[in-house]
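S.K.: Just structure16.cif, nothing more (mmCIF, C-alpha atoms):
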data_upload
#
loop_
_atom_site.label_atom_id
_atom_site.label_comp_id
_atom_site.auth_asym_id
_atom_site.auth_seq_id
_atom_site.Cartn_x
_atom_site.Cartn_y
_atom_site.Cartn_z
CA MET A 39 11.31 34.67 -46.44
CA GLU A 40 10.37 34.20 -50.04
CA LEU A 41 7.40 32.06 -51.12
CA ARG A 42 9.73 29.61 -52.89
CA ASP A 43 11.82 29.25 -49.74
CA ASN A 44 8.64 28.66 -47.74
CA ASP A 45 7.67 25.84 -50.08
CA ARG A 46 11.12 24.29 -49.79
CA LEU A 47 11.01 24.54 -45.99
CA ASP A 48 7.55 22.97 -46.01
CA HIS A 49 8.82 20.17 -48.22
CA TRP A 50 11.86 19.64 -46.01
CA LEU A 51 9.68 19.61 -42.88
CA ASP A 52 7.40 16.98 -44.40
CA GLY A 53 10.32 14.69 -45.10
CA ALA A 54 11.98 15.41 -41.74
CA LEU A 55 8.81 14.71 -39.76
CA ARG A 56 8.23 11.53 -41.75
CA GLN A 57 11.70 10.33 -40.86
CA TYR A 58 11.24 11.58 -37.30
CA GLY A 59 8.43 9.10 -36.71
CA SER A 60 9.67 6.23 -38.81
CA ALA A 61 11.60 4.39 -36.17
CA GLU A 62 11.84 0.65 -36.62
CA PRO A 63 12.12 -1.60 -33.61
CA ARG A 64 14.86 -4.18 -33.34
CA ALA A 65 13.97 -7.51 -34.88
CA GLY A 66 12.02 -9.87 -32.63
CA LEU A 67 10.20 -7.24 -30.60
CA GLU A 68 6.96 -9.25 -30.53
CA ARG A 69 8.79 -12.38 -29.43
CA ARG A 70 10.53 -10.52 -26.62
CA ILE A 71 7.26 -8.99 -25.46
CA LEU A 72 5.47 -12.35 -25.54
CA THR A 73 8.33 -14.01 -23.65
CA ASN A 74 8.17 -11.29 -21.00
CA LEU A 75 4.42 -11.61 -20.75
CA ALA A 76 4.68 -15.38 -20.35
CA THR A 77 7.37 -14.97 -17.68
CA ASP A 78 5.26 -12.44 -15.84
CA ARG A 79 2.21 -14.69 -16.06
CA ARG A 80 4.24 -17.59 -14.67
CA ARG A 81 5.57 -15.36 -11.90
CA VAL A 82 2.06 -14.28 -10.96
CA ALA A 83 0.83 -17.89 -11.03
CA LEU A 84 3.77 -18.98 -8.88
CA ARG A 85 3.09 -16.15 -6.44
CA TRP A 86 -0.54 -17.28 -6.21
CA ARG A 87 0.52 -20.87 -5.66
CA TRP A 88 2.97 -19.87 -2.92
CA GLY A 89 0.36 -17.64 -1.35
CA LEU A 90 -2.18 -20.45 -1.31
CA ALA A 91 0.39 -22.88 0.07
CA LEU A 92 1.32 -20.44 2.84
CA VAL A 93 -2.30 -19.76 3.71
CA SER A 94 -3.19 -23.46 3.80
CA THR A 95 -0.07 -24.24 5.87
CA ALA A 96 -0.93 -21.47 8.31
CA ALA A 97 -4.52 -22.72 8.53
CA THR A 98 -3.38 -26.30 9.13
CA GLY A 99 -0.90 -25.11 11.75
CA GLY A 100 -3.62 -23.09 13.45
CA ILE A 101 -5.94 -26.08 13.52
CA VAL A 102 -3.19 -28.31 14.96
CA VAL A 103 -2.38 -25.74 17.65
CA LEU A 104 -6.06 -25.37 18.54
CA TRP A 105 -6.46 -29.13 18.67
CA MET A 106 -3.39 -29.49 20.88
CA VAL A 107 -4.56 -26.74 23.22
CA SER A 108 -7.99 -28.32 23.49
CA PHE A 109 -6.39 -31.76 23.97
CA LEU A 110 -4.22 -30.47 26.83
CA HIS A 111 -7.24 -28.94 28.51
CA HIS A 112 -9.51 -31.93 27.87
CA PRO A 113 -7.35 -35.02 28.02
CA ARG A 114 -8.69 -38.31 26.73
CA GLY A 115 -11.79 -39.40 28.55
CA ALA A 116 -12.31 -35.88 29.82
CA ASN A 117 -16.01 -36.23 29.26
CA LYS A 118 -16.13 -38.56 32.23
CA SER A 119 -16.35 -36.94 35.64
CA ILE A 120 -13.14 -36.43 37.49
CA ALA A 121 -14.54 -38.35 40.38
CA ALA A 122 -14.94 -41.32 38.09
CA GLN A 123 -11.20 -41.36 37.57
CA ILE A 124 -10.54 -41.54 41.29
CA PRO A 125 -10.60 -45.03 42.75
CA ILE A 126 -14.02 -45.76 44.22
CA GLU A 127 -12.56 -46.75 47.60
CA ASN A 128 -10.88 -43.40 47.95
CA SER A 129 -14.00 -41.60 46.82
CA ILE A 130 -16.13 -43.38 49.39
CA ALA A 131 -13.56 -42.92 52.11
CA SER A 132 -13.20 -39.26 51.44
CA HIS A 133 -16.77 -38.24 50.73
CA THR A 134 -17.10 -36.79 54.23
CA GLY A 135 -14.02 -34.60 53.88
CA PRO A 136 -14.07 -30.98 52.77
CA GLN A 137 -12.83 -31.90 49.30
CA SER A 138 -15.25 -34.72 48.68
CA LEU A 139 -17.07 -34.76 45.40
CA SER A 140 -20.75 -35.47 45.57
CA THR A 141 -20.86 -36.78 42.04
CA VAL A 142 -19.36 -40.18 42.65
CA GLY A 143 -20.30 -42.45 39.83
CA VAL A 144 -22.35 -39.74 38.13
CA GLU A 145 -21.38 -38.78 34.60
CA ALA A 146 -21.19 -35.01 34.44
CA PRO A 147 -19.79 -32.78 31.72
CA VAL A 148 -16.58 -31.04 32.64
CA LYS A 149 -15.98 -27.49 31.53
CA ALA A 150 -12.62 -26.40 30.09
CA VAL A 151 -10.58 -25.24 33.05
CA HIS A 152 -7.79 -22.78 32.69
CA PRO A 153 -4.60 -23.77 34.50
CA HIS A 154 -3.54 -21.75 37.56
CA THR A 155 -7.14 -21.13 38.55
CA ARG A 156 -8.76 -22.18 41.81
CA GLU A 157 -10.97 -24.61 39.94
CA HIS A 158 -7.98 -26.22 38.29
CA LYS A 159 -6.21 -26.64 41.63
CA ARG A 160 -9.33 -28.17 43.11
CA ILE A 161 -9.52 -30.71 40.30
CA GLU A 162 -5.84 -31.50 40.55
CA GLN A 163 -6.22 -32.12 44.26
CA ALA A 164 -9.23 -34.29 43.60
CA ARG A 165 -7.15 -36.41 41.25
CA GLU A 166 -4.61 -37.19 44.01
CA PRO A 167 -5.17 -40.42 45.96
CA ARG A 168 -7.12 -39.81 49.16
CA LEU A 169 -6.23 -40.99 52.70
CA GLU A 170 -8.84 -43.07 54.51
CA LYS A 171 -9.03 -40.65 57.43
CA PHE A 172 -8.48 -36.98 57.62
CA PRO A 173 -6.25 -35.89 59.22
CA ALA A 174 -3.90 -38.84 59.01
CA PRO A 175 -3.67 -40.90 62.26
CA ARG A 176 -0.41 -40.46 64.05
CA PRO A 177 1.17 -43.13 66.32
CA LEU A 178 0.13 -43.06 70.04
CA SER A 179 2.46 -41.71 72.70
CA GLU A 180 3.69 -43.83 75.65
CA GLN A 181 1.11 -42.36 78.09
CA GLU A 182 -1.69 -42.88 75.61
CA GLU A 183 -0.62 -46.52 75.15
CA LEU A 184 -0.75 -47.06 78.97
CA LEU A 185 -4.18 -45.41 79.07
CA MET A 186 -5.40 -47.69 76.28
CA GLN A 187 -4.15 -50.77 78.21
CA PHE A 188 -5.94 -49.58 81.36
CA VAL A 189 -9.20 -49.07 79.47
CA ARG A 190 -8.95 -52.48 77.84
CA HIS A 191 -8.23 -54.32 81.14
CA SER A 192 -10.74 -52.52 83.38
CA PRO A 193 -13.32 -50.71 81.33
CA GLN A 194 -15.83 -50.12 84.20
CA GLU A 195 -13.25 -48.43 86.38
CA ALA A 196 -12.12 -46.39 83.44
CA VAL A 197 -15.67 -45.20 82.91
CA LEU A 198 -15.98 -44.21 86.58
CA VAL A 199 -12.67 -42.35 86.47
CA ALA A 200 -13.78 -40.55 83.36
CA GLN A 201 -17.13 -39.57 84.92
CA MET A 202 -15.41 -38.26 88.06
CA GLN A 203 -12.96 -36.31 85.98
CA ALA A 204 -15.78 -34.80 83.97
CA LYS A 205 -17.68 -33.86 87.19
CA ARG A 206 -14.56 -32.27 88.67
CA GLN A 207 -13.98 -30.39 85.43
CA LYS A 208 -17.53 -29.02 85.56
CA GLU A 209 -17.07 -27.81 89.16
CA LEU A 210 -13.82 -26.13 88.21
CA ASP A 211 -15.48 -24.42 85.28
CA ARG A 212 -18.31 -23.17 87.51
CA LEU A 213 -15.88 -21.77 90.10
CA ILE A 214 -13.93 -19.96 87.44
CA ALA A 215 -17.12 -18.51 85.98
CA ASP A 216 -18.25 -17.28 89.44
CA GLN A 217 -14.92 -15.58 90.06
CA VAL A 218 -15.02 -13.87 86.70
CA SER A 219 -18.58 -12.54 87.28
CA GLU A 220 -17.65 -11.26 90.78
CA SER A 221 -14.63 -9.36 89.46
CA GLU A 222 -16.76 -7.80 86.72
CA ARG A 223 -19.39 -6.68 89.26
CA ASP A 224 -16.68 -5.05 91.45
CA GLN A 225 -15.35 -3.11 88.48
CA GLN A 226 -18.83 -1.84 87.62
CA GLU A 227 -19.47 -0.69 91.23
CA ARG A 228 -16.19 1.28 91.28
CA MET B 217 -9.65 -16.63 -34.25
CA ALA B 218 -8.62 -13.95 -31.82
CA GLU B 219 -6.52 -12.23 -34.47
CA ALA B 220 -9.50 -11.96 -36.80
CA VAL B 221 -11.51 -10.37 -34.03
CA ILE B 222 -8.78 -7.85 -33.33
CA ALA B 223 -8.48 -7.01 -37.00
CA ASN B 224 -12.09 -5.92 -37.01
CA GLY B 225 -11.25 -3.38 -34.36
CA VAL B 226 -13.34 -5.04 -31.68
CA ILE B 227 -11.86 -7.21 -29.00
CA SER B 228 -13.78 -10.34 -28.22
CA LEU B 229 -12.85 -12.92 -25.65
CA ALA B 230 -14.09 -15.77 -27.74
CA GLY B 231 -10.56 -17.07 -28.17
CA GLY B 232 -9.62 -16.54 -24.55
CA ARG B 233 -7.92 -13.56 -22.94
CA GLU B 234 -4.40 -14.87 -23.49
CA ASP B 235 -4.97 -15.41 -27.21
CA VAL B 236 -6.41 -11.93 -27.53
CA LEU B 237 -3.41 -10.47 -25.79
CA GLU B 238 -1.02 -12.40 -27.98
CA ALA B 239 -2.90 -11.22 -31.05
CA ALA B 240 -2.75 -7.64 -29.80
CA VAL B 241 1.02 -7.92 -29.35
CA ARG B 242 1.49 -9.32 -32.84
CA GLU B 243 -0.77 -6.71 -34.39
CA HIS B 244 0.08 -3.54 -32.51
CA ALA B 245 3.58 -3.90 -31.04
CA ARG B 246 5.12 -1.85 -33.85
CA LEU B 247 2.57 0.96 -33.44
CA ILE B 248 3.13 1.04 -29.68
CA TYR B 249 6.86 1.16 -30.23
CA ARG B 250 6.58 4.08 -32.65
CA ILE B 251 4.34 6.06 -30.34
CA ALA B 252 6.83 5.54 -27.54
CA TYR B 253 9.73 6.44 -29.80
CA SER B 254 8.04 9.67 -30.95
CA ILE B 255 8.21 10.88 -27.36
CA LEU B 256 11.29 9.22 -25.94
CA ARG B 257 13.54 9.45 -29.03
CA ASN B 258 15.54 6.47 -27.86
CA HIS B 259 15.25 2.89 -29.10
CA HIS B 260 16.03 1.29 -25.76
CA ASP B 261 13.54 3.46 -23.83
CA ALA B 262 10.91 2.98 -26.56
CA GLU B 263 11.21 -0.80 -26.28
CA ASP B 264 10.97 -0.65 -22.50
CA ALA B 265 7.86 1.50 -22.81
CA THR B 266 6.37 -1.00 -25.26
CA GLN B 267 7.01 -3.84 -22.83
CA GLU B 268 5.48 -1.84 -20.00
CA THR B 269 2.42 -1.04 -22.10
CA PHE B 270 1.69 -4.71 -22.68
CA MET B 271 2.40 -5.51 -19.04
CA ARG B 272 -0.29 -3.01 -18.10
CA VAL B 273 -2.61 -4.60 -20.62
CA LEU B 274 -1.88 -7.99 -19.05
CA ARG B 275 -2.63 -6.58 -15.60
CA TYR B 276 -5.93 -5.05 -16.69
CA ARG B 277 -6.82 -7.64 -19.32
CA ARG B 278 -10.28 -8.10 -17.83
CA ARG B 279 -11.09 -4.60 -19.10
CA LEU B 280 -10.38 -5.81 -22.62
CA GLU B 281 -13.93 -7.13 -22.67
CA GLY B 282 -15.42 -3.66 -22.86
CA VAL B 283 -12.94 -2.23 -25.35
CA GLN B 284 -14.44 -1.29 -28.69
CA ASP B 285 -11.34 -0.01 -30.48
CA ALA B 286 -8.29 -1.98 -29.43
CA LYS B 287 -5.86 0.07 -31.47
CA THR B 288 -6.81 3.41 -29.92
CA TRP B 289 -7.05 1.88 -26.46
CA LEU B 290 -3.54 0.48 -26.73
CA ALA B 291 -2.25 3.72 -28.28
CA ARG B 292 -3.63 5.69 -25.34
CA ILE B 293 -1.93 3.39 -22.83
CA ALA B 294 1.35 3.59 -24.76
CA TRP B 295 1.06 7.37 -24.89
CA ARG B 296 0.62 7.63 -21.12
CA VAL B 297 3.45 5.20 -20.42
CA ALA B 298 5.80 7.11 -22.73
CA ILE B 299 4.82 10.50 -21.28
CA GLU B 300 5.49 9.18 -17.76
CA ARG B 301 8.88 7.86 -18.82
CA GLY B 302 9.67 11.00 -20.84
CA LYS B 303 9.37 13.14 -17.73
CA LYS B 304 12.39 11.36 -16.29
CA SER B 305 14.65 11.83 -19.33
CA PRO B 306 16.47 15.17 -19.82
CA GLU B 307 15.35 17.57 -22.55
CA ILE B 308 17.59 17.96 -25.56
CA SER B 309 19.36 21.30 -26.02
CA LEU B 310 21.93 22.28 -28.64
CA SER B 311 24.91 24.55 -28.20
CA GLU B 312 25.47 27.52 -30.49
CA ALA B 313 28.04 25.64 -32.55
CA GLU B 314 25.85 22.57 -32.90
CA THR B 315 22.89 24.71 -33.96
CA ALA B 316 25.06 26.51 -36.54
CA ARG B 317 26.29 23.21 -37.98
CA ALA B 318 22.76 21.82 -38.12
CA VAL B 319 21.46 24.92 -39.92
CA MET B 320 24.30 24.69 -42.48
CA LYS B 321 23.30 21.09 -43.16
CA LEU B 322 19.67 22.06 -43.45
CA ARG B 323 20.56 24.84 -45.89
CA SER B 324 22.49 22.47 -48.12
CA GLN B 325 19.60 19.98 -48.03
CA LEU B 326 17.15 22.71 -48.99
CA ALA B 327 19.43 23.83 -51.84
CA SER B 328 19.70 20.32 -53.28
CA ALA B 329 15.88 20.09 -53.43
CA GLU B 330 16.10 16.32 -52.99
CA ASP B 331 14.71 14.12 -50.28
CA SER B 332 17.74 13.55 -48.17
CA LEU B 333 18.04 11.61 -44.95
CA LEU B 334 17.48 13.45 -41.73
CA GLY B 335 21.01 13.52 -40.37
CA GLU B 336 22.02 13.37 -36.73
CA GLU B 337 22.54 17.12 -36.46
CA THR B 338 19.39 18.21 -38.33
CA GLY B 339 17.42 15.56 -36.44
CA ALA B 340 18.65 16.94 -33.12
CA LEU B 341 17.80 20.47 -34.29
CA LEU B 342 14.25 19.45 -35.22
CA GLU B 343 13.88 17.61 -31.92
CA SER B 344 15.01 20.63 -29.92
CA LEU B 345 12.61 22.88 -31.85
CA ILE B 346 9.68 20.48 -31.29
CA ALA B 347 10.52 20.42 -27.58
CA THR B 348 10.01 24.20 -27.40
CA LEU B 349 6.45 23.99 -28.77
CA PRO B 350 3.47 24.41 -26.42
CA GLU B 351 2.39 21.04 -25.04
CA PRO B 352 -0.93 20.59 -26.95
CA LEU B 353 0.76 21.42 -30.25
CA ARG B 354 3.77 19.27 -29.45
CA ASP B 355 1.63 16.22 -28.54
CA ALA B 356 -0.47 16.46 -31.70
CA LEU B 357 2.59 16.92 -33.92
CA ARG B 358 4.48 14.02 -32.36
CA LEU B 359 1.53 11.63 -32.76
CA SER B 360 1.04 12.84 -36.35
CA THR B 361 4.54 11.55 -37.18
CA VAL B 362 3.33 8.00 -36.43
CA ASP B 363 2.12 6.78 -39.83
CA GLU B 364 -0.34 4.27 -38.42
CA LEU B 365 -2.39 6.89 -36.60
CA ALA B 366 -5.08 8.84 -38.45
CA PRO B 367 -6.10 12.31 -37.15
CA SER B 368 -9.33 10.83 -35.72
CA GLU B 369 -7.30 8.27 -33.75
CA ILE B 370 -4.90 10.97 -32.54
CA ALA B 371 -7.97 12.87 -31.37
CA ASP B 372 -9.12 9.80 -29.42
CA VAL B 373 -5.72 9.37 -27.82
CA LEU B 374 -5.51 13.04 -26.81
CA GLY B 375 -9.16 13.24 -25.86
CA THR B 376 -10.02 16.03 -28.24
CA SER B 377 -11.78 16.55 -31.58
CA GLU B 378 -10.33 15.72 -34.96
CA SER B 379 -10.57 19.34 -36.15
CA SER B 380 -8.67 20.46 -33.07
CA VAL B 381 -5.93 17.94 -33.86
CA ARG B 382 -5.66 19.17 -37.45
CA SER B 383 -5.52 22.76 -36.27
CA ARG B 384 -2.83 21.97 -33.69
CA ILE B 385 -0.69 20.16 -36.24
CA PHE B 386 -1.00 23.06 -38.68
CA ARG B 387 -0.03 25.62 -36.02
CA ALA B 388 2.85 23.49 -34.84
CA ARG B 389 4.23 23.24 -38.36
CA GLN B 390 3.85 26.99 -38.84
CA ILE B 391 5.83 27.71 -35.67
CA LEU B 392 8.54 25.23 -36.69
CA LYS B 393 8.90 26.80 -40.12
CA GLU B 394 9.18 30.26 -38.61
CA LYS B 395 11.84 29.10 -36.19
CA LEU B 396 13.79 27.30 -38.91
CA ALA B 397 13.64 30.38 -41.17
CA ALA B 398 14.86 32.54 -38.31
CA LEU B 399 17.73 30.15 -37.59
CA GLU B 400 18.63 30.02 -41.27
CA GLY B 401 18.78 33.79 -41.31
CA LYS B 402 20.95 33.81 -38.23
CA TYR B 403 23.41 30.96 -39.00
CA GLY B 404 22.81 30.19 -42.68
CA THR B 405 24.89 32.94 -44.22
CA PRO B 406 28.52 31.84 -44.61
CA ARG B 407 30.85 33.93 -42.39
#
So that I can check it, write out the structure of this file as structure tokens.
M.R.:
Amino acid sequence: MELRDNDRLDHWLDGALRQYGSAEPRAGLERRILTNLATDRRRVALRWRWGLALVSTAATGGIVVLWMVSFLHHPRGANKSIAAQIPIENSIASHTGPQSLSTVGVEAPVKAVHPHTREHKRIEQAREPRLEKFPAPRPLSEQEELLMQFVRHSPQEAVLVAQMQAKRQKELDRLIADQVSESERDQQER
Amino acid sequence: MAEAVIANGVISLAGGREDVLEAAVREHARLIYRIAYSILRNHHDAEDATQETFMRVLRYRRRLEGVQDAKTWLARIAWRVAIERGKKSPEISLSEAETARAVMKLRSQLASAEDSLLGEETGALLESLIATLPEPLRDALRLSTVDELAPSEIADVLGTSESSVRSRIFRARQILKEKLAALEGKYGTPR
């Protein structure tokens, strides 16, 4: 390649590279960019707002659920003793029974009790109205009625009969015991 | 206020981050576009890259506080965005016939000794030749075609020294001239 050609090529390359990098954007590029940026900013702000709303809703929901759960476990007036909710008559009548509560009239804090536990069942049973006697009295039979009439009309004779019966029962018991001890002795000797 | 601060080359948040960003868009959008275009060679892609560059700036706008030279900082972001996008687009390659036609055009332009417009064919030829350059030379040459960037700023964008940039551009031009001369010898003579 001649020197003159080299100069021409250099000159051409200068111009070509100048044109190569002289691209002009379409009109309104800045406006389009700013619009996009504003849209994106709004989108981000909206996303934040929605996020906050969701979080606060979830928190509120959680609090409501917790409150409801605690309310179900500690109904209104739960700070009073369970015995206090049971009518006093029933409490007094039943204080000798196996399920009696010794805290009649005493304010005592009640712990949260999980359903389906023994404790829960015990409290539920305690809430039920109590019978005056345990077990419940059943109606007398015909023979028992006759016996009651006899006792009412002649109590002294009834006492004597009862004493004689008791004496006879004791003799019978002694005889049976003697027989049992004799048979045991025989077995040991054999 | 923010625009004045940007013009001094230092970003200050005195006018608020949004104002600073808006000022940066107004001041540097064209530069960003040209950097993107120098790599992507497509108006649509270059505009998308420009948008993406400013989106990244919006995302990391808190970092604006520490930026000393807004122009170079933005140019570096635009460069990275365009390089990432450029990897997805296919490389240009000319057929034998297209190359022959382009060289004929180039020959006639050289003979006229006038500044003529870079036509579609000669432009494609130059683009294909630049694409064959080694990457460091190619990057320096492409950025040197952006008028707004001085060699020192190109050096900042590429993370090298100014003398290295000048040397790369010189070598790139030498290679291009050699290739063009070879092509002229091959296709330039009328058959």
S.K.: Kindly assemble as a Markdown table a list of the chain A residues that lie within 6 Å of chain B, each paired with its nearest atom pair and their distance in Å to one decimal, using only C-alpha atoms, sorted first by chain and then by ascending residue number.
M.R.:
| residue | atom | partner | partner_atom | distance |
| --- | --- | --- | --- | --- |
| A:Ala54 | CA | B:Leu334 | CA | 5.8 |
| A:Leu55 | CA | B:Thr361 | CA | 5.9 |
| A:Arg56 | CA | B:Thr361 | CA | 5.9 |
| A:Gly59 | CA | B:Thr361 | CA | 4.6 |
| A:Glu68 | CA | B:Arg242 | CA | 5.9 |
| A:Ile71 | CA | B:Gln267 | CA | 5.8 |
S.K.: Could you state the separation of CA of Arg87 in chain A and CA of Val103 in chain A in Å, given to one decimal place?
M.R.: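 Separation between CA of Arg87 in chain A and CA of Val103 in chain A: 24.0 Å.
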S.K.: So how many Å separate CA of Arg301 in chain B and CA of Ala265 in chain B, to one decimal?
M.R.: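 Here the two named atoms are 7.6 Å from each other.
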S.K.: For a test of reading the model, state the distance in Å between CA of Glu314 in chain B and CA of Glu336 in chain B, rounded to one decimal.
M.R.: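 Distance between the two atoms: 10.7 Å.
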S.K.: Kindly complete range 191-214 of chain A to N, CA and C atoms; the output should be written as a tab-separated table (two decimals), in the frame of the given file.
M.R.:
chain	number	residue	atom	x	y	z
A	191	HIS	N	-8.20	-53.35	80.03
A	191	HIS	CA	-8.23	-54.32	81.14
A	191	HIS	C	-9.39	-54.06	82.11
A	192	SER	N	-9.64	-52.80	82.43
A	192	SER	CA	-10.74	-52.52	83.38
A	192	SER	C	-11.61	-51.39	82.85
A	193	PRO	N	-12.50	-51.74	81.97
A	193	PRO	CA	-13.32	-50.71	81.33
A	193	PRO	C	-14.28	-50.01	82.29
A	194	GLN	N	-14.86	-50.74	83.27
A	194	GLN	CA	-15.83	-50.12	84.20
A	194	GLN	C	-15.16	-49.06	85.06
A	195	GLU	N	-13.99	-49.40	85.56
A	195	GLU	CA	-13.25	-48.43	86.38
A	195	GLU	C	-12.87	-47.21	85.53
A	196	ALA	N	-12.49	-47.50	84.35
A	196	ALA	CA	-12.12	-46.39	83.44
A	196	ALA	C	-13.28	-45.44	83.22
A	197	VAL	N	-14.47	-46.03	83.08
A	197	VAL	CA	-15.67	-45.20	82.91
A	197	VAL	C	-15.91	-44.34	84.14
A	198	LEU	N	-15.78	-44.96	85.33
A	198	LEU	CA	-15.98	-44.21	86.58
A	198	LEU	C	-14.98	-43.06	86.70
A	199	VAL	N	-13.73	-43.38	86.41
A	199	VAL	CA	-12.67	-42.35	86.47
A	199	VAL	C	-13.02	-41.20	85.53
A	200	ALA	N	-13.45	-41.58	84.37
A	200	ALA	CA	-13.78	-40.55	83.36
A	200	ALA	C	-14.94	-39.68	83.82
A	201	GLN	N	-15.98	-40.33	84.42
A	201	GLN	CA	-17.13	-39.57	84.92
A	201	GLN	C	-16.70	-38.61	86.03
A	202	MET	N	-15.87	-39.10	86.94
A	202	MET	CA	-15.41	-38.26	88.06
A	202	MET	C	-14.60	-37.08	87.53
A	203	GLN	N	-13.79	-37.39	86.57
A	203	GLN	CA	-12.96	-36.31	85.98
A	203	GLN	C	-13.86	-35.25	85.32
A	204	ALA	N	-14.86	-35.73	84.63
A	204	ALA	CA	-15.78	-34.80	83.97
A	204	ALA	C	-16.52	-33.95	84.99
A	205	LYS	N	-16.96	-34.57	86.12
A	205	LYS	CA	-17.68	-33.86	87.19
A	205	LYS	C	-16.78	-32.79	87.79
A	206	ARG	N	-15.51	-33.21	88.08
A	206	ARG	CA	-14.56	-32.27	88.67
A	206	ARG	C	-14.29	-31.09	87.71
A	207	GLN	N	-14.23	-31.42	86.45
A	207	GLN	CA	-13.98	-30.39	85.43
A	207	GLN	C	-15.13	-29.37	85.40
A	208	LYS	N	-16.35	-29.90	85.56
A	208	LYS	CA	-17.53	-29.02	85.56
A	208	LYS	C	-17.50	-28.09	86.76
A	209	GLU	N	-17.13	-28.64	87.95
A	209	GLU	CA	-17.07	-27.81	89.16
A	209	GLU	C	-16.02	-26.72	89.00
A	210	LEU	N	-14.90	-27.11	88.45
A	210	LEU	CA	-13.82	-26.13	88.21
A	210	LEU	C	-14.29	-25.01	87.27
A	211	ASP	N	-14.98	-25.42	86.26
A	211	ASP	CA	-15.48	-24.42	85.28
A	211	ASP	C	-16.45	-23.46	85.94
A	212	ARG	N	-17.31	-24.00	86.83
A	212	ARG	CA	-18.31	-23.17	87.51
A	212	ARG	C	-17.61	-22.17	88.43
A	213	LEU	N	-16.63	-22.65	89.19
A	213	LEU	CA	-15.88	-21.77	90.10
A	213	LEU	C	-15.21	-20.63	89.33
A	214	ILE	N	-14.62	-20.99	88.25
A	214	ILE	CA	-13.93	-19.96	87.44
A	214	ILE	C	-14.94	-18.93	86.93
